[in-house]
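Text of entry.cif, listed as mmCIF, C-alpha atoms:
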data_run
loop_
_atom_site.label_atom_id
_atom_site.label_comp_id
_atom_site.auth_asym_id
_atom_site.auth_seq_id
_atom_site.Cartn_x
_atom_site.Cartn_y
_atom_site.Cartn_z
CA MET G 1 125.76 92.50 143.63
CA LYS G 2 127.40 90.30 140.98
CA ILE G 3 124.25 88.22 140.69
CA LYS G 4 122.13 91.33 140.15
CA SER G 5 124.53 92.59 137.52
CA LEU G 6 124.58 89.25 135.73
CA LEU G 7 120.79 89.05 135.92
CA PHE G 8 120.50 92.56 134.49
CA VAL G 9 122.85 91.69 131.60
CA PHE G 10 120.93 88.46 130.95
CA VAL G 11 117.57 90.32 130.87
CA LEU G 12 119.04 93.00 128.62
CA LEU G 13 120.43 90.41 126.18
CA SER G 14 117.11 88.55 126.20
CA PHE G 15 115.26 91.76 125.39
CA PHE G 16 117.56 92.53 122.46
CA SER G 17 117.32 88.96 121.19
CA PHE G 18 113.51 89.12 121.33
CA ALA G 19 113.47 92.49 119.57
CA GLN G 20 115.74 91.14 116.82
CA THR G 21 113.52 88.06 116.42
CA LYS G 22 110.46 90.30 116.04
CA VAL G 23 112.16 92.33 113.30
CA ASN G 24 113.23 89.14 111.54
CA SER G 25 109.68 87.75 111.71
CA ASP G 26 108.45 90.98 110.07
CA ASP G 27 111.09 90.56 107.36
CA ALA G 28 110.13 86.92 106.82
CA ALA G 29 106.40 87.73 106.56
CA ILE G 30 107.06 90.66 104.18
CA LYS G 31 109.35 88.50 102.03
CA LYS G 32 106.78 85.68 101.89
CA ASN G 33 103.87 88.00 101.02
CA LEU G 34 105.86 89.99 98.42
CA ALA G 35 107.09 86.78 96.78
CA TYR G 36 103.47 85.60 96.59
CA PHE G 37 102.42 88.94 95.02
CA VAL G 38 105.15 88.77 92.37
CA ASN G 39 104.38 85.09 91.72
CA THR G 40 100.69 85.88 91.07
CA ILE G 41 101.83 88.35 88.42
CA LYS G 42 104.33 85.86 87.02
CA THR G 43 101.63 83.19 86.71
CA LYS G 44 99.15 85.80 85.41
CA GLN G 45 96.68 85.28 88.27
CA ILE G 46 95.53 88.87 88.10
CA ASP G 47 92.64 88.62 90.61
CA GLN G 48 95.01 87.27 93.26
CA ALA G 49 97.59 89.96 92.40
CA VAL G 50 94.99 92.70 92.89
CA ASN G 51 94.11 91.19 96.29
CA CYS G 52 97.75 91.75 97.34
CA ILE G 53 97.43 95.51 96.85
CA TYR G 54 96.84 97.76 99.87
CA PRO G 55 93.06 98.49 99.83
CA LYS G 56 93.48 102.25 100.42
CA PHE G 57 95.25 102.43 97.05
CA PHE G 58 91.88 101.83 95.42
CA ASN G 59 90.85 105.33 96.57
CA VAL G 60 93.33 106.61 93.98
CA LEU G 61 92.74 104.02 91.27
CA ALA G 62 89.60 101.89 91.27
CA LYS G 63 90.16 98.18 91.88
CA GLU G 64 88.57 97.29 88.54
CA GLN G 65 90.84 99.78 86.73
CA MET G 66 93.89 98.28 88.42
CA LYS G 67 92.78 94.84 87.35
CA GLN G 68 92.38 96.04 83.75
CA ILE G 69 95.84 97.64 83.76
CA LEU G 70 97.45 94.43 85.01
CA GLU G 71 95.48 92.36 82.48
CA MET G 72 96.55 94.65 79.62
CA THR G 73 100.16 94.58 80.79
CA TYR G 74 100.68 90.91 81.58
CA ASN G 75 98.03 89.20 79.41
CA ASN G 76 98.54 91.28 76.27
CA PRO G 77 98.53 89.02 73.17
CA PHE G 78 100.48 91.62 71.13
CA MET G 79 103.37 92.07 73.53
CA LYS G 80 103.94 89.10 75.81
CA ILE G 81 105.61 89.95 79.12
CA ASP G 82 107.10 87.21 81.24
CA VAL G 83 108.45 87.68 84.75
CA LEU G 84 111.65 85.65 84.86
CA ASN G 85 113.17 86.38 88.23
CA PHE G 86 112.37 88.12 91.53
CA GLN G 87 115.08 89.31 93.88
CA LEU G 88 114.44 90.86 97.26
CA GLY G 89 116.59 93.78 98.31
CA ASN G 90 116.58 95.76 101.53
CA ILE G 91 113.57 95.57 103.86
CA GLY G 92 113.27 98.80 105.81
CA LYS G 93 112.54 99.12 109.48
CA THR G 94 108.88 98.48 110.34
CA GLU G 95 107.11 101.59 111.65
CA LEU G 96 103.76 101.77 113.46
CA ILE G 97 101.71 104.75 112.24
CA ASP G 98 98.02 105.20 113.11
CA GLY G 99 97.47 101.54 113.91
CA GLU G 100 99.17 100.12 110.82
CA TYR G 101 102.70 98.89 110.22
CA PHE G 102 104.68 100.21 107.26
CA SER G 103 107.98 99.11 105.74
CA ILE G 104 109.71 100.25 102.55
CA VAL G 105 111.09 97.34 100.53
CA ASP G 106 113.54 97.34 97.63
CA TYR G 107 113.30 94.55 95.08
CA SER G 108 113.97 93.80 91.45
CA ILE G 109 112.20 91.83 88.80
CA LYS G 110 113.76 90.58 85.61
CA MET G 111 111.23 90.57 82.77
CA LYS G 112 111.22 89.60 79.14
CA CYS G 113 109.02 91.66 76.85
CA ASN G 114 108.44 90.06 73.45
CA ALA G 115 108.06 92.74 70.79
CA GLY G 116 108.89 90.54 67.80
CA SER G 117 105.56 91.14 66.06
CA MET G 118 105.87 94.93 66.35
CA SER G 119 107.08 97.28 63.59
CA ASP G 120 110.50 98.90 63.92
CA GLU G 121 108.84 102.24 64.66
CA ILE G 122 106.83 100.80 67.55
CA LYS G 123 109.89 98.91 68.84
CA SER G 124 111.78 102.20 68.88
CA LYS G 125 109.00 103.85 70.90
CA ILE G 126 108.87 100.89 73.28
CA ASN G 127 112.63 101.10 73.73
CA GLY G 128 112.33 104.81 74.58
CA VAL G 129 109.58 104.21 77.13
CA LEU G 130 111.40 101.29 78.78
CA THR G 131 114.72 103.15 78.89
CA ALA G 132 113.07 106.23 80.40
CA LYS G 133 111.32 104.15 83.06
CA TYR G 134 114.02 101.64 84.01
CA GLY G 135 117.28 103.27 82.87
CA LYS G 136 119.49 102.54 79.88
CA ASN G 137 121.61 100.00 81.78
CA ASN G 138 118.50 98.02 82.78
CA VAL G 139 117.05 97.50 79.28
CA GLN G 140 118.62 95.21 76.71
CA TYR G 141 117.21 94.38 73.26
CA LEU G 142 117.70 90.76 72.17
CA SER G 143 117.52 91.10 68.38
CA LYS G 144 117.45 87.34 67.66
CA GLU G 145 114.34 86.98 69.82
CA GLY G 146 112.79 90.36 69.11
CA ALA G 147 112.47 90.84 72.85
CA TYR G 148 113.54 93.24 75.55
CA LEU G 149 115.20 92.00 78.71
CA ILE G 150 114.36 94.38 81.55
CA ASN G 151 115.82 94.56 85.02
CA ALA G 152 113.16 96.53 86.88
CA VAL G 153 114.59 97.90 90.13
CA MET G 154 111.60 98.84 92.27
CA LYS G 155 110.36 99.99 95.67
CA THR G 156 107.16 99.09 97.43
CA CYS G 157 105.57 99.94 100.72
CA ALA G 158 104.44 96.91 102.71
CA VAL G 159 101.46 97.63 104.99
CA SER G 160 99.94 95.43 107.68
CA LYS G 161 97.59 95.66 110.63
CA ASP G 162 98.78 92.41 112.26
CA ARG G 163 102.39 92.01 111.02
CA LYS G 164 101.45 88.64 109.49
CA TYR G 165 99.63 89.56 106.29
CA TRP G 166 101.14 92.39 104.27
CA LYS G 167 99.65 94.31 101.35
CA PHE G 168 101.67 96.41 98.92
CA VAL G 169 101.76 99.79 97.21
CA VAL G 170 104.35 100.10 94.44
CA LEU G 171 106.21 103.37 95.01
CA GLU G 172 106.99 105.46 91.98
CA LYS G 173 107.85 109.15 92.12
CA GLU G 174 105.47 110.00 89.30
CA TYR G 175 102.54 108.72 91.40
CA LYS G 176 103.58 110.48 94.61
CA LYS G 177 100.74 113.06 94.35
CA GLY G 178 98.13 110.30 94.33
CA LEU G 179 99.85 108.39 97.12
CA VAL G 180 99.22 111.32 99.49
CA LYS G 181 95.70 109.88 99.84
CA VAL G 182 97.08 106.41 100.61
CA LEU G 183 100.23 106.58 102.72
CA PRO G 184 101.30 108.64 105.75
CA GLN G 185 103.55 111.63 105.08
CA LYS G 186 106.39 110.03 107.06
CA ILE G 187 106.47 107.19 104.51
CA LEU G 188 106.05 109.50 101.50
CA ASP G 189 109.08 111.48 102.65
CA LYS G 190 111.19 108.35 102.12
CA ILE G 191 110.27 107.96 98.45
#
Represent the structure from my file as structure tokens, please.
Amino acid sequence: MKIKSLLFVFVLLSFFSFAQTKVNSDDAAIKKNLAYFVNTIKTKQIDQAVNCIYPKFFNVLAKEQMKQILEMTYNNPFMKIDVLNFQLGNIGKTELIDGEYFSIVDYSIKMKCNAGSMSDEIKSKINGVLTAKYGKNNVQYLSKEGAYLINAVMKTCAVSKDRKYWKFVVLEKEYKKGLVKVLPQKILDKI
């Protein structure tokens, strides 16, 4: 009887160890793929960045439009934006829904937005927009450089069919109506 009990405990521990390893491999793959996505933006490789976006998102915003938005944002000669730092936060539990795996991920990006060539009126408007989007405590104006330092705290939904290659949808409450066409309701309820 002792042998059976010990065998049962061993099998149970093995099962939990395997389950934990599987979760950690999801986390590692998500981290790797999200770091790649952010790095493509940092290095201004916009085509590669667009390829990291969940394809169903292009039902809401055309792929070419998304590419143009990223180009205008990160390759704008009038207001240079540099991604300085990427920090991964919490990776949510992976959920299987309709044949795809979903996980909500928290992360932050530190960016520097050079507005030195802008007029004071435009800088004031930029400050208002940045403060409204990221919060007053996450936007700092560096007067000597004429630049804004932004700590963008963000959420994304990682999506995969095979748990190896993950695509991303940036989650923002103002886009929730459009995301109804992209993500399952169970995921939208977590935004």
Need the shell around G:Asp26: protein/DNA/RNA residues with any atom at most 8 Å away, counting all atoms listed in the file. Skip same-chain ones fewer than 4 positions apart. Format as an MDAnalysis selection string? chainID G and resid 22 30 94 163:164
Residue subset to file, keeping C-alpha atoms, as a PDB file, in the coordinates of the input:
ATOM      1  CA  LYS G  22     110.460  90.300 116.040  1.00  0.00           C
ATOM      2  CA  ILE G  30     107.060  90.660 104.180  1.00  0.00           C
ATOM      3  CA  THR G  94     108.880  98.480 110.340  1.00  0.00           C
ATOM      4  CA  ARG G 163     102.390  92.010 111.020  1.00  0.00           C
ATOM      5  CA  LYS G 164     101.450  88.640 109.490  1.00  0.00           C
TER       6      LYS G 164
END
With all atoms listed in the file as the basis for distance, which of G:Gln185, G:Ile150, G:Ser103, G:Asp120 is at the shortest distance from G:Ala132? G:Ile150
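Separating atom CA of G:Leu61 from atom CA of G:Lys186 is a distance of 21.7 Å.
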Tell me, as a ChimeraX atom specification, which residues lie within 9 Å of G:Lys67, counting all atoms listed in the file; anything in the same chain fewer than 5 positions away does not count. /G:46-47,49-50,62,72
So that I have them on file, write out the residues from the current selection with C-alpha atoms, as a PDB file, in the coordinates of the input.
ATOM      1  CA  ILE G  46      95.530  88.870  88.100  1.00  0.00           C
ATOM      2  CA  ASP G  47      92.640  88.620  90.610  1.00  0.00           C
ATOM      3  CA  ALA G  49      97.590  89.960  92.400  1.00  0.00           C
ATOM      4  CA  VAL G  50      94.990  92.700  92.890  1.00  0.00           C
ATOM      5  CA  ALA G  62      89.600 101.890  91.270  1.00  0.00           C
ATOM      6  CA  MET G  72      96.550  94.650  79.620  1.00  0.00           C
TER       7      MET G  72
END
Report as a CSV table (one decimal) with C-alpha atoms, in the frame of the given file the full result of the PyMOL selection byres ((chain G and resi 156) around 12) when it is applied to this structure.
chain,number,residue,atom,x,y,z
G,30,ILE,CA,107.1,90.7,104.2
G,31,LYS,CA,109.4,88.5,102.0
G,34,LEU,CA,105.9,90.0,98.4
G,37,PHE,CA,102.4,88.9,95.0
G,38,VAL,CA,105.2,88.8,92.4
G,52,CYS,CA,97.8,91.8,97.3
G,53,ILE,CA,97.4,95.5,96.8
G,54,TYR,CA,96.8,97.8,99.9
G,88,LEU,CA,114.4,90.9,97.3
G,89,GLY,CA,116.6,93.8,98.3
G,90,ASN,CA,116.6,95.8,101.5
G,91,ILE,CA,113.6,95.6,103.9
G,92,GLY,CA,113.3,98.8,105.8
G,102,PHE,CA,104.7,100.2,107.3
G,103,SER,CA,108.0,99.1,105.7
G,104,ILE,CA,109.7,100.2,102.6
G,105,VAL,CA,111.1,97.3,100.5
G,106,ASP,CA,113.5,97.3,97.6
G,107,TYR,CA,113.3,94.6,95.1
G,108,SER,CA,114.0,93.8,91.4
G,153,VAL,CA,114.6,97.9,90.1
G,154,MET,CA,111.6,98.8,92.3
G,155,LYS,CA,110.4,100.0,95.7
G,157,CYS,CA,105.6,99.9,100.7
G,158,ALA,CA,104.4,96.9,102.7
G,159,VAL,CA,101.5,97.6,105.0
G,166,TRP,CA,101.1,92.4,104.3
G,167,LYS,CA,99.6,94.3,101.4
G,168,PHE,CA,101.7,96.4,98.9
G,169,VAL,CA,101.8,99.8,97.2
G,170,VAL,CA,104.4,100.1,94.4
G,171,LEU,CA,106.2,103.4,95.0
G,172,GLU,CA,107.0,105.5,92.0
G,173,LYS,CA,107.8,109.2,92.1
G,179,LEU,CA,99.8,108.4,97.1
G,183,LEU,CA,100.2,106.6,102.7
G,187,ILE,CA,106.5,107.2,104.5
G,188,LEU,CA,106.0,109.5,101.5
G,190,LYS,CA,111.2,108.4,102.1
G,191,ILE,CA,110.3,108.0,98.4
Write out as number ranges by chain each polymer residue whose atoms come within 12 Å of G:Asn75, counting only C-alpha atoms; drop sequence neighbours fewer than 2 positions from it. G: 41-46, 67-73, 77-83, 113
Where does the PyMOL selection byres ((chain G and resi 86) around 6) land in this file, that is, which residues does it pick, as a ChimeraX atom specification? /G:85,87,108-109
Between atom CA of G:Leu149 and atom CA of G:Asn114, measure the distance and give it in Å to one decimal.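 Going from atom CA of G:Leu149 over to atom CA of G:Asn114, I get 8.8 Å.
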What does the structure give for the distance between atom CA of G:Tyr101 and atom CA of G:Ala152, in Å to one decimal?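 These two atoms are separated by 25.7 Å.
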Using the chain letters and numbers from this file, what does the PyMOL selection byres ((chain G and resi 140) around 9) select? Give the answer as a list in words. Asn127, Lys136, Asn137, Asn138, Val139, Tyr141, Leu142, Ala147, Tyr148, Leu149, Ile150 and Asn151 of chain G
Select from stretch 22-96 of chain G every residue with an atom at most 12 Å from any atom of stretch 174-178 of chain G, then for each give the shortest pair of atoms and their distance in Å to one decimal, using only C-alpha atoms, rows by chain and rising number, as CSV.
residue,atom,partner,partner_atom,distance
G:Lys56,CA,G:Gly178,CA,11.1
G:Phe57,CA,G:Gly178,CA,8.8
G:Phe58,CA,G:Gly178,CA,10.6
G:Asn59,CA,G:Gly178,CA,9.1
G:Val60,CA,G:Gly178,CA,6.1
G:Leu61,CA,G:Gly178,CA,8.8
Which is closest to G:Lys161 among G:Glu95, G:Glu145, G:Pro184, G:Asp189, if we use only C-alpha atoms? G:Glu95
Would you fill out stretch 77-88 of chain G with all heavy atoms and return it as a PDB file, keeping the file's coordinate frame?
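New file part10.pdb:
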ATOM      1  N   PRO G  77      98.130  89.967  74.224  1.00  0.00           N
ATOM      2  CA  PRO G  77      98.530  89.020  73.170  1.00  0.00           C
ATOM      3  C   PRO G  77      99.523  89.636  72.161  1.00  0.00           C
ATOM      4  O   PRO G  77     100.243  88.910  71.485  1.00  0.00           O
ATOM      5  CB  PRO G  77      97.211  88.669  72.479  1.00  0.00           C
ATOM      6  CG  PRO G  77      96.291  89.790  72.796  1.00  0.00           C
ATOM      7  CD  PRO G  77      96.724  90.347  74.116  1.00  0.00           C
ATOM      8  N   PHE G  78      99.594  90.967  72.089  1.00  0.00           N
ATOM      9  CA  PHE G  78     100.480  91.620  71.130  1.00  0.00           C
ATOM     10  C   PHE G  78     101.902  91.788  71.641  1.00  0.00           C
ATOM     11  O   PHE G  78     102.845  91.874  70.876  1.00  0.00           O
ATOM     12  CB  PHE G  78      99.914  92.981  70.721  1.00  0.00           C
ATOM     13  CG  PHE G  78      98.560  92.881  70.099  1.00  0.00           C
ATOM     14  CD1 PHE G  78      97.428  93.287  70.786  1.00  0.00           C
ATOM     15  CD2 PHE G  78      98.401  92.349  68.825  1.00  0.00           C
ATOM     16  CE1 PHE G  78      96.174  93.174  70.224  1.00  0.00           C
ATOM     17  CE2 PHE G  78      97.149  92.223  68.252  1.00  0.00           C
ATOM     18  CZ  PHE G  78      96.021  92.647  68.953  1.00  0.00           C
ATOM     19  N   MET G  79     102.045  91.878  72.951  1.00  0.00           N
ATOM     20  CA  MET G  79     103.370  92.070  73.530  1.00  0.00           C
ATOM     21  C   MET G  79     103.446  91.246  74.821  1.00  0.00           C
ATOM     22  O   MET G  79     103.077  91.703  75.898  1.00  0.00           O
ATOM     23  CB  MET G  79     103.624  93.548  73.826  1.00  0.00           C
ATOM     24  CG  MET G  79     105.051  93.823  74.174  1.00  0.00           C
ATOM     25  SD  MET G  79     105.446  95.573  74.161  1.00  0.00           S
ATOM     26  CE  MET G  79     104.521  96.157  75.564  1.00  0.00           C
ATOM     27  N   LYS G  80     103.893  90.028  74.684  1.00  0.00           N
ATOM     28  CA  LYS G  80     103.940  89.100  75.810  1.00  0.00           C
ATOM     29  C   LYS G  80     105.031  89.505  76.799  1.00  0.00           C
ATOM     30  O   LYS G  80     106.182  89.698  76.421  1.00  0.00           O
ATOM     31  CB  LYS G  80     104.193  87.689  75.282  1.00  0.00           C
ATOM     32  CG  LYS G  80     104.115  86.630  76.327  1.00  0.00           C
ATOM     33  CD  LYS G  80     104.344  85.263  75.711  1.00  0.00           C
ATOM     34  CE  LYS G  80     104.388  84.235  76.810  1.00  0.00           C
ATOM     35  NZ  LYS G  80     104.881  82.951  76.348  1.00  0.00           N
ATOM     36  N   ILE G  81     104.658  89.631  78.066  1.00  0.00           N
ATOM     37  CA  ILE G  81     105.610  89.950  79.120  1.00  0.00           C
ATOM     38  C   ILE G  81     105.672  88.776  80.088  1.00  0.00           C
ATOM     39  O   ILE G  81     104.652  88.330  80.602  1.00  0.00           O
ATOM     40  CB  ILE G  81     105.206  91.237  79.878  1.00  0.00           C
ATOM     41  CG1 ILE G  81     105.237  92.433  78.937  1.00  0.00           C
ATOM     42  CG2 ILE G  81     106.128  91.468  81.072  1.00  0.00           C
ATOM     43  CD1 ILE G  81     104.787  93.733  79.558  1.00  0.00           C
ATOM     44  N   ASP G  82     106.886  88.297  80.303  1.00  0.00           N
ATOM     45  CA  ASP G  82     107.100  87.210  81.240  1.00  0.00           C
ATOM     46  C   ASP G  82     108.009  87.681  82.368  1.00  0.00           C
ATOM     47  O   ASP G  82     109.051  88.298  82.116  1.00  0.00           O
ATOM     48  CB  ASP G  82     107.765  86.004  80.547  1.00  0.00           C
ATOM     49  CG  ASP G  82     106.835  85.329  79.571  1.00  0.00           C
ATOM     50  OD1 ASP G  82     105.670  85.078  79.937  1.00  0.00           O
ATOM     51  OD2 ASP G  82     107.265  85.048  78.432  1.00  0.00           O
ATOM     52  N   VAL G  83     107.611  87.403  83.594  1.00  0.00           N
ATOM     53  CA  VAL G  83     108.450  87.680  84.750  1.00  0.00           C
ATOM     54  C   VAL G  83     109.380  86.475  84.908  1.00  0.00           C
ATOM     55  O   VAL G  83     108.922  85.354  85.074  1.00  0.00           O
ATOM     56  CB  VAL G  83     107.604  87.902  86.026  1.00  0.00           C
ATOM     57  CG1 VAL G  83     108.505  88.064  87.243  1.00  0.00           C
ATOM     58  CG2 VAL G  83     106.690  89.112  85.863  1.00  0.00           C
ATOM     59  N   LEU G  84     110.680  86.728  84.827  1.00  0.00           N
ATOM     60  CA  LEU G  84     111.650  85.650  84.860  1.00  0.00           C
ATOM     61  C   LEU G  84     112.233  85.417  86.254  1.00  0.00           C
ATOM     62  O   LEU G  84     112.520  84.283  86.627  1.00  0.00           O
ATOM     63  CB  LEU G  84     112.805  85.941  83.895  1.00  0.00           C
ATOM     64  CG  LEU G  84     112.407  86.225  82.440  1.00  0.00           C
ATOM     65  CD1 LEU G  84     113.627  86.625  81.630  1.00  0.00           C
ATOM     66  CD2 LEU G  84     111.730  85.017  81.830  1.00  0.00           C
ATOM     67  N   ASN G  85     112.448  86.495  86.978  1.00  0.00           N
ATOM     68  CA  ASN G  85     113.170  86.380  88.230  1.00  0.00           C
ATOM     69  C   ASN G  85     112.744  87.488  89.186  1.00  0.00           C
ATOM     70  O   ASN G  85     112.494  88.611  88.761  1.00  0.00           O
ATOM     71  CB  ASN G  85     114.670  86.479  87.944  1.00  0.00           C
ATOM     72  CG  ASN G  85     115.526  86.176  89.130  1.00  0.00           C
ATOM     73  OD1 ASN G  85     115.071  85.598  90.113  1.00  0.00           O
ATOM     74  ND2 ASN G  85     116.779  86.573  89.071  1.00  0.00           N
ATOM     75  N   PHE G  86     112.682  87.162  90.461  1.00  0.00           N
ATOM     76  CA  PHE G  86     112.370  88.120  91.530  1.00  0.00           C
ATOM     77  C   PHE G  86     113.514  88.078  92.522  1.00  0.00           C
ATOM     78  O   PHE G  86     113.949  86.999  92.929  1.00  0.00           O
ATOM     79  CB  PHE G  86     111.055  87.716  92.201  1.00  0.00           C
ATOM     80  CG  PHE G  86     110.836  88.329  93.562  1.00  0.00           C
ATOM     81  CD1 PHE G  86     110.587  89.678  93.696  1.00  0.00           C
ATOM     82  CD2 PHE G  86     110.882  87.549  94.704  1.00  0.00           C
ATOM     83  CE1 PHE G  86     110.386  90.247  94.951  1.00  0.00           C
ATOM     84  CE2 PHE G  86     110.671  88.092  95.960  1.00  0.00           C
ATOM     85  CZ  PHE G  86     110.426  89.455  96.078  1.00  0.00           C
ATOM     86  N   GLN G  87     114.009  89.250  92.884  1.00  0.00           N
ATOM     87  CA  GLN G  87     115.080  89.310  93.880  1.00  0.00           C
ATOM     88  C   GLN G  87     114.742  90.370  94.909  1.00  0.00           C
ATOM     89  O   GLN G  87     114.491  91.523  94.570  1.00  0.00           O
ATOM     90  CB  GLN G  87     116.408  89.622  93.213  1.00  0.00           C
ATOM     91  CG  GLN G  87     117.572  89.503  94.150  1.00  0.00           C
ATOM     92  CD  GLN G  87     118.904  89.544  93.416  1.00  0.00           C
ATOM     93  OE1 GLN G  87     118.962  89.664  92.203  1.00  0.00           O
ATOM     94  NE2 GLN G  87     119.974  89.440  94.156  1.00  0.00           N
ATOM     95  N   LEU G  88     114.727  89.961  96.152  1.00  0.00           N
ATOM     96  CA  LEU G  88     114.440  90.860  97.260  1.00  0.00           C
ATOM     97  C   LEU G  88     115.682  91.644  97.619  1.00  0.00           C
ATOM     98  O   LEU G  88     116.775  91.093  97.670  1.00  0.00           O
ATOM     99  CB  LEU G  88     113.954  90.047  98.464  1.00  0.00           C
ATOM    100  CG  LEU G  88     113.446  90.832  99.656  1.00  0.00           C
ATOM    101  CD1 LEU G  88     112.167  91.582  99.305  1.00  0.00           C
ATOM    102  CD2 LEU G  88     113.193  89.901 100.823  1.00  0.00           C
TER     103      LEU G  88
END
